[in-house]
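Q: Below is the structure I would like to discuss, written out as structure tokens.
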Amino acid sequence: MNEQALIQDAQKGNLDAFNALILHYQDSVYNTALRILGDEDQAADAAQEAFISAFKSISSFRGGSFKAWLMRTVTNACYDELRRQKRRPTTPLEPDTDDGEEMDSPRWLADPNMTPDQKAEADELEHAIQHCLNNLPLEFKTVVIMADIQGMDYTEVATSVRVPLGTIKSRLARARLRLRECLQGFEELLPSTFRLEEGSSA
Amino acid sequence: MNRRDIELLSAYLDGQLKPSDSARLESRLKSDPELVAVMDDLRAARNLLRRLPQRRAPRNFTLTRKMVGQNPPLPRAYPFLRFATTLATLLLFFTFGLNFLAPQLAAVPGVGFGGGGDPSIDLYSESQAAEAPAAAEPPATQAPAATEPAAQLAPMPTMMPTLESERNAVPPTEKIDATGNAAVQDQSQVVNEAPVPVSIGWQITLAAIAMFGALLMLLMRQSAFQRWRQKE
């Protein structure tokens, strides 16, 4: 696939060329949306919106990493979706504290009172990771999804998120730390080779 | 262990540190087990995320032309045709309105087409009414017959003040002078005609342009869409 030629054709309004690009990137775009939103249907809608938006604004693409540009479009679509959800709030999964405030720690799922069977029923590894991702602040989540799940390099992530490289490094480190803390609650679900050592908090 | 150390470890795992910073951190790692433990944790978290299965898109997200509001390229004559058709249609409706309103507006004193309520028309009718008997004097035998209808008809042109009526109205004194019967004939012609600002011929022409233009535009669009679909 000659990506540059396809991009140039798409910029001239050639929809077939853009569709070829979509077929190449749709899995990455969908997975990014899925990890940010945590819902398959919403992720599919966001991905579709992102591609429509990307085609309409492809003339603004001035070179560089097309994947990074596309990821910025999909993250914007996801942010729009999250804003819509905020306007139409639904019942949160997380339990409230005695003060009526939402728990900011995901450890409630790893409650010692829960039996291993209950845990196993409630979570698979993927769900656990998704759960931990969902509990990250949005800007941390976006960065860690792009860097660690999509395998983008720091420069691409910085281009997508439009923040300096130093901020990307900082957000990524903090996101990994928070994920580590969260995943410690799902120790039994983790593959033995990936078990995290207890008591090694920073 | 501070935040800066954690950022260094995270960047070190990704190979994003400068060689000098890497060397410094590696020497610290040799002597600081806590640093090593945190690095292991960060690495484990990163590897877990990397192991997360990539889901396949549930469907193809390819776009259709309808989704992006794209239309087929139309012939270059299309905009001109659209302009001409629109103009012809507007003019057609304007003429309908004009012809409909003309008699009603003419009935209002001082309002008329072509003269903007030209007072000369009224003057003419008055003077004609006044002059008619005088003008009819020379042909003494025909005078009563000629003056009577002329006097009756005299006010009528003011009701339908058109260019045509004006043209017919100017020479009557001469015509009456010459032949009184001819004058009466001309006046009655003015009355019997239903004068309109725009003739039916113009309206038919405008309607034909509008219909032909619309039909041609429709054919152009259909042809463009067919060619487009064949290309897909």
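Identifiers for the structure tokens are assigned positionally: chains receive A, B, ... in sequence, residues are indexed from 1 per chain, and ligands are indexed from 1 in the order shown.
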Listing only residues of chain B within 12 Å of chain A, what is the closest atom pair and its distance in Å (to one decimal) for each, using only C-alpha atoms, sorted by chain and residue number ascending, as a tab-separated table?

A:
residue	atom	partner	partner_atom	distance
B:Met1	CA	A:Ala202	CA	5.9
B:Asn2	CA	A:Ala202	CA	7.6
B:Arg3	CA	A:Arg174	CA	8.1
B:Arg4	CA	A:Ser170	CA	8.3
B:Asp5	CA	A:Ala202	CA	9.5
B:Ile6	CA	A:Ala173	CA	6.3
B:Glu7	CA	A:Ala173	CA	5.1
B:Leu8	CA	A:Ala173	CA	8.3
B:Leu9	CA	A:Ala173	CA	8.0
B:Ser10	CA	A:Ala173	CA	5.3
B:Ala11	CA	A:Lys169	CA	6.5
B:Tyr12	CA	A:Lys169	CA	10.3
B:Leu13	CA	A:Ala173	CA	10.2
B:Asp14	CA	A:Asp153	CA	8.7
B:Gly15	CA	A:Asp153	CA	10.3
B:Gln16	CA	A:Tyr154	CA	8.2
B:Leu17	CA	A:Lys169	CA	10.4
B:Pro33	CA	A:Ser200	CA	9.8
B:Glu34	CA	A:Ser200	CA	7.1
B:Leu35	CA	A:Ala202	CA	8.4
B:Val36	CA	A:Ser200	CA	9.3
B:Ala37	CA	A:Ser200	CA	5.8
B:Val38	CA	A:Ser200	CA	6.1
B:Met39	CA	A:Ser200	CA	9.6
B:Asp40	CA	A:Leu196	CA	8.0
B:Asp41	CA	A:Leu196	CA	6.0
B:Leu42	CA	A:Arg176	CA	6.0
B:Arg43	CA	A:Arg176	CA	8.7
B:Ala44	CA	A:Phe194	CA	5.6
B:Ala45	CA	A:Arg180	CA	5.5
B:Arg46	CA	A:Asp148	CA	6.2
B:Asn47	CA	A:Phe194	CA	7.7
B:Leu48	CA	A:Phe194	CA	7.0
B:Leu49	CA	A:Ile149	CA	5.7
B:Arg50	CA	A:Ile149	CA	5.2
B:Arg51	CA	A:Ile149	CA	8.0
B:Leu52	CA	A:Glu126	CA	6.6
B:Pro53	CA	A:Glu126	CA	8.0
B:Gln54	CA	A:Asn31	CA	6.5
B:Arg55	CA	A:Asn31	CA	6.2
B:Arg56	CA	A:Asp27	CA	5.5
B:Ala57	CA	A:Asp27	CA	5.1
B:Pro58	CA	A:Ala44	CA	7.4
B:Arg59	CA	A:Ala44	CA	8.3
B:Asn60	CA	A:Leu23	CA	7.1
B:Phe61	CA	A:Gln48	CA	5.8
B:Thr62	CA	A:Asn19	CA	5.1
B:Leu63	CA	A:Asn19	CA	6.4
B:Thr64	CA	A:Leu15	CA	7.8
B:Arg65	CA	A:Leu15	CA	7.4
B:Lys66	CA	A:Ile52	CA	10.8
B:Met67	CA	A:Ile52	CA	7.4
B:Val68	CA	A:Ile52	CA	6.4
B:Gly69	CA	A:Lys56	CA	9.6
B:Gln70	CA	A:Gly13	CA	8.8
B:Asn71	CA	A:Gly13	CA	10.7
B:Pro72	CA	A:Gly13	CA	11.1
B:Pro73	CA	A:Gly13	CA	11.2
B:Lys231	CA	A:Asp16	CA	10.5
B:Glu232	CA	A:Asp16	CA	8.4

Q: Suppose we keep C-alpha atoms; can you now write the selection as an mmCIF file, in the first residue's frame?

A:
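Generated output (part_28.cif):
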data_model
loop_
_atom_site.group_PDB
_atom_site.id
_atom_site.type_symbol
_atom_site.label_atom_id
_atom_site.label_comp_id
_atom_site.auth_asym_id
_atom_site.auth_seq_id
_atom_site.Cartn_x
_atom_site.Cartn_y
_atom_site.Cartn_z
ATOM 1 C CA MET B 1 11.619 7.392 44.992
ATOM 2 C CA ASN B 2 10.235 10.528 43.426
ATOM 3 C CA ARG B 3 8.153 11.231 40.350
ATOM 4 C CA ARG B 4 11.234 12.175 38.346
ATOM 5 C CA ASP B 5 12.754 8.745 38.985
ATOM 6 C CA ILE B 6 9.591 7.017 37.839
ATOM 7 C CA GLU B 7 9.534 9.082 34.646
ATOM 8 C CA LEU B 8 13.171 8.195 34.032
ATOM 9 C CA LEU B 9 12.485 4.506 34.547
ATOM 10 C CA SER B 10 9.464 4.596 32.227
ATOM 11 C CA ALA B 11 11.395 6.387 29.489
ATOM 12 C CA TYR B 12 14.347 4.027 30.028
ATOM 13 C CA LEU B 13 12.081 1.030 29.414
ATOM 14 C CA ASP B 14 11.020 2.559 26.104
ATOM 15 C CA GLY B 15 14.593 3.419 25.129
ATOM 16 C CA GLN B 16 13.748 7.131 25.180
ATOM 17 C CA LEU B 17 16.619 8.286 27.389
ATOM 18 C CA PRO B 33 16.854 -2.553 44.715
ATOM 19 C CA GLU B 34 13.793 -0.351 45.195
ATOM 20 C CA LEU B 35 14.470 1.282 41.849
ATOM 21 C CA VAL B 36 14.732 -2.152 40.262
ATOM 22 C CA ALA B 37 11.449 -3.233 41.818
ATOM 23 C CA VAL B 38 9.629 -0.193 40.483
ATOM 24 C CA MET B 39 11.122 -0.732 37.070
ATOM 25 C CA ASP B 40 9.945 -4.335 37.120
ATOM 26 C CA ASP B 41 6.462 -3.195 38.029
ATOM 27 C CA LEU B 42 6.407 -0.639 35.240
ATOM 28 C CA ARG B 43 7.673 -3.226 32.798
ATOM 29 C CA ALA B 44 5.052 -5.738 33.912
ATOM 30 C CA ALA B 45 2.258 -3.183 33.522
ATOM 31 C CA ARG B 46 3.538 -2.219 30.105
ATOM 32 C CA ASN B 47 3.812 -5.843 28.979
ATOM 33 C CA LEU B 48 0.305 -6.585 30.165
ATOM 34 C CA LEU B 49 -1.044 -3.734 28.096
ATOM 35 C CA ARG B 50 0.926 -4.896 25.096
ATOM 36 C CA ARG B 51 -0.559 -8.364 25.515
ATOM 37 C CA LEU B 52 -4.039 -6.995 25.394
ATOM 38 C CA PRO B 53 -5.625 -8.653 22.367
ATOM 39 C CA GLN B 54 -6.318 -6.417 19.409
ATOM 40 C CA ARG B 55 -9.949 -6.770 18.550
ATOM 41 C CA ARG B 56 -11.005 -6.881 14.956
ATOM 42 C CA ALA B 57 -13.296 -4.083 13.875
ATOM 43 C CA PRO B 58 -16.869 -5.390 14.099
ATOM 44 C CA ARG B 59 -17.553 -4.147 10.574
ATOM 45 C CA ASN B 60 -15.913 -2.239 7.784
ATOM 46 C CA PHE B 61 -15.930 1.478 8.381
ATOM 47 C CA THR B 62 -15.526 2.355 4.714
ATOM 48 C CA LEU B 63 -17.431 5.437 3.685
ATOM 49 C CA THR B 64 -20.083 5.892 1.051
ATOM 50 C CA ARG B 65 -20.502 9.065 -0.938
ATOM 51 C CA LYS B 66 -23.794 9.669 0.811
ATOM 52 C CA MET B 67 -22.102 9.512 4.222
ATOM 53 C CA VAL B 68 -19.701 12.280 3.307
ATOM 54 C CA GLY B 69 -22.271 14.276 1.329
ATOM 55 C CA GLN B 70 -20.333 13.934 -1.891
ATOM 56 C CA ASN B 71 -22.133 14.649 -5.175
ATOM 57 C CA PRO B 72 -21.091 13.642 -8.692
ATOM 58 C CA PRO B 73 -19.303 16.260 -10.771
ATOM 59 C CA LYS B 231 -17.173 4.142 -11.989
ATOM 60 C CA GLU B 232 -17.754 2.717 -8.481
#

Q: For Ala214 in chain B, please output as a tab-separated table (two decimals) with N, CA and C atoms, in the first residue's frame all residues within 10 Å (counting only C-alpha atoms; exclusion window: fewer than 2 positions along the same chain).

A:
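Done, and the output landed in part.tsv:
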chain	number	residue	atom	x	y	z
B	81	LEU	N	-27.16	27.02	-16.51
B	81	LEU	CA	-28.52	26.55	-16.80
B	81	LEU	C	-29.43	26.77	-15.59
B	82	ARG	N	-28.89	26.50	-14.43
B	82	ARG	CA	-29.67	26.66	-13.20
B	82	ARG	C	-30.05	28.13	-13.00
B	84	ALA	N	-30.30	30.44	-15.38
B	84	ALA	CA	-31.26	30.85	-16.41
B	84	ALA	C	-32.65	30.33	-16.08
B	85	THR	N	-32.72	29.09	-15.63
B	85	THR	CA	-34.02	28.50	-15.30
B	85	THR	C	-34.67	29.23	-14.12
B	86	THR	N	-33.87	29.51	-13.13
B	86	THR	CA	-34.40	30.21	-11.96
B	86	THR	C	-34.89	31.60	-12.34
B	89	THR	N	-38.11	31.41	-14.32
B	89	THR	CA	-39.25	31.07	-13.44
B	89	THR	C	-39.69	32.29	-12.64
B	208	ALA	N	-41.52	28.23	-21.29
B	208	ALA	CA	-40.79	27.23	-22.08
B	208	ALA	C	-39.34	27.15	-21.63
B	209	ILE	N	-38.73	28.32	-21.39
B	209	ILE	CA	-37.33	28.34	-20.94
B	209	ILE	C	-37.21	27.62	-19.59
B	210	ALA	N	-38.14	27.94	-18.67
B	210	ALA	CA	-38.10	27.34	-17.33
B	210	ALA	C	-38.26	25.82	-17.40
B	211	MET	N	-39.24	25.37	-18.17
B	211	MET	CA	-39.50	23.92	-18.26
B	211	MET	C	-38.36	23.19	-18.96
B	212	PHE	N	-37.90	23.78	-20.05
B	212	PHE	CA	-36.81	23.15	-20.80
B	212	PHE	C	-35.54	23.09	-19.94
B	216	LEU	N	-33.66	19.74	-18.71
B	216	LEU	CA	-32.26	19.54	-19.08
B	216	LEU	C	-31.39	19.31	-17.84
B	217	MET	N	-31.68	20.06	-16.79
B	217	MET	CA	-30.93	19.88	-15.53
B	217	MET	C	-31.14	18.49	-14.96
B	218	LEU	N	-32.39	18.04	-15.01
B	218	LEU	CA	-32.71	16.70	-14.49
B	218	LEU	C	-31.94	15.63	-15.26
B	219	LEU	N	-31.94	15.79	-16.59
B	219	LEU	CA	-31.22	14.80	-17.42
B	219	LEU	C	-29.72	14.83	-17.13
B	220	MET	N	-29.18	16.04	-16.95
B	220	MET	CA	-27.75	16.18	-16.65
B	220	MET	C	-27.40	15.47	-15.35

Q: Would you please give, as number ranges by chain, all residues of range 25-74 of chain A that DSSP assigns to alpha helix (DSSP H) based on the backbone?

A: A: 25-37, 40-56, 66-74

Q: Take the residues from that selection and put them in a file with C-alpha atoms, as a short mmCIF file (atom, residue, chain, number, x, y, z; two decimals), in the first residue's frame.

A:
data_model
loop_
_atom_site.label_atom_id
_atom_site.label_comp_id
_atom_site.auth_asym_id
_atom_site.auth_seq_id
_atom_site.Cartn_x
_atom_site.Cartn_y
_atom_site.Cartn_z
CA TYR A 25 -6.27 1.47 9.90
CA GLN A 26 -9.75 0.53 11.00
CA ASP A 27 -8.66 -2.09 13.54
CA SER A 28 -6.27 0.32 15.25
CA VAL A 29 -8.84 3.10 15.26
CA TYR A 30 -11.55 0.81 16.60
CA ASN A 31 -9.31 -0.61 19.33
CA THR A 32 -8.24 2.85 20.43
CA ALA A 33 -11.87 3.94 20.67
CA LEU A 34 -12.76 0.72 22.46
CA ARG A 35 -10.07 1.17 25.10
CA ILE A 36 -10.93 4.84 25.64
CA LEU A 37 -14.69 4.34 25.82
CA GLU A 40 -18.06 -1.85 21.83
CA ASP A 41 -21.06 -0.10 20.33
CA GLN A 42 -19.90 3.34 21.33
CA ALA A 43 -16.43 2.53 20.03
CA ALA A 44 -17.83 1.49 16.64
CA ASP A 45 -19.86 4.68 16.42
CA ALA A 46 -16.89 6.80 17.43
CA ALA A 47 -14.66 5.06 14.88
CA GLN A 48 -17.19 5.68 12.11
CA GLU A 49 -17.55 9.33 13.14
CA ALA A 50 -13.79 9.66 13.23
CA PHE A 51 -13.39 8.37 9.68
CA ILE A 52 -16.11 10.67 8.35
CA SER A 53 -14.52 13.59 10.12
CA ALA A 54 -11.08 12.57 8.90
CA PHE A 55 -12.21 12.47 5.27
CA LYS A 56 -13.81 15.87 5.52
CA PHE A 66 -0.86 9.69 9.17
CA LYS A 67 -1.59 7.23 11.96
CA ALA A 68 -0.94 9.92 14.57
CA TRP A 69 -3.24 12.31 12.70
CA LEU A 70 -5.91 9.65 12.50
CA MET A 71 -5.56 8.85 16.18
CA ARG A 72 -6.09 12.49 17.05
CA THR A 73 -9.33 12.38 15.09
CA VAL A 74 -10.53 9.27 16.88
#
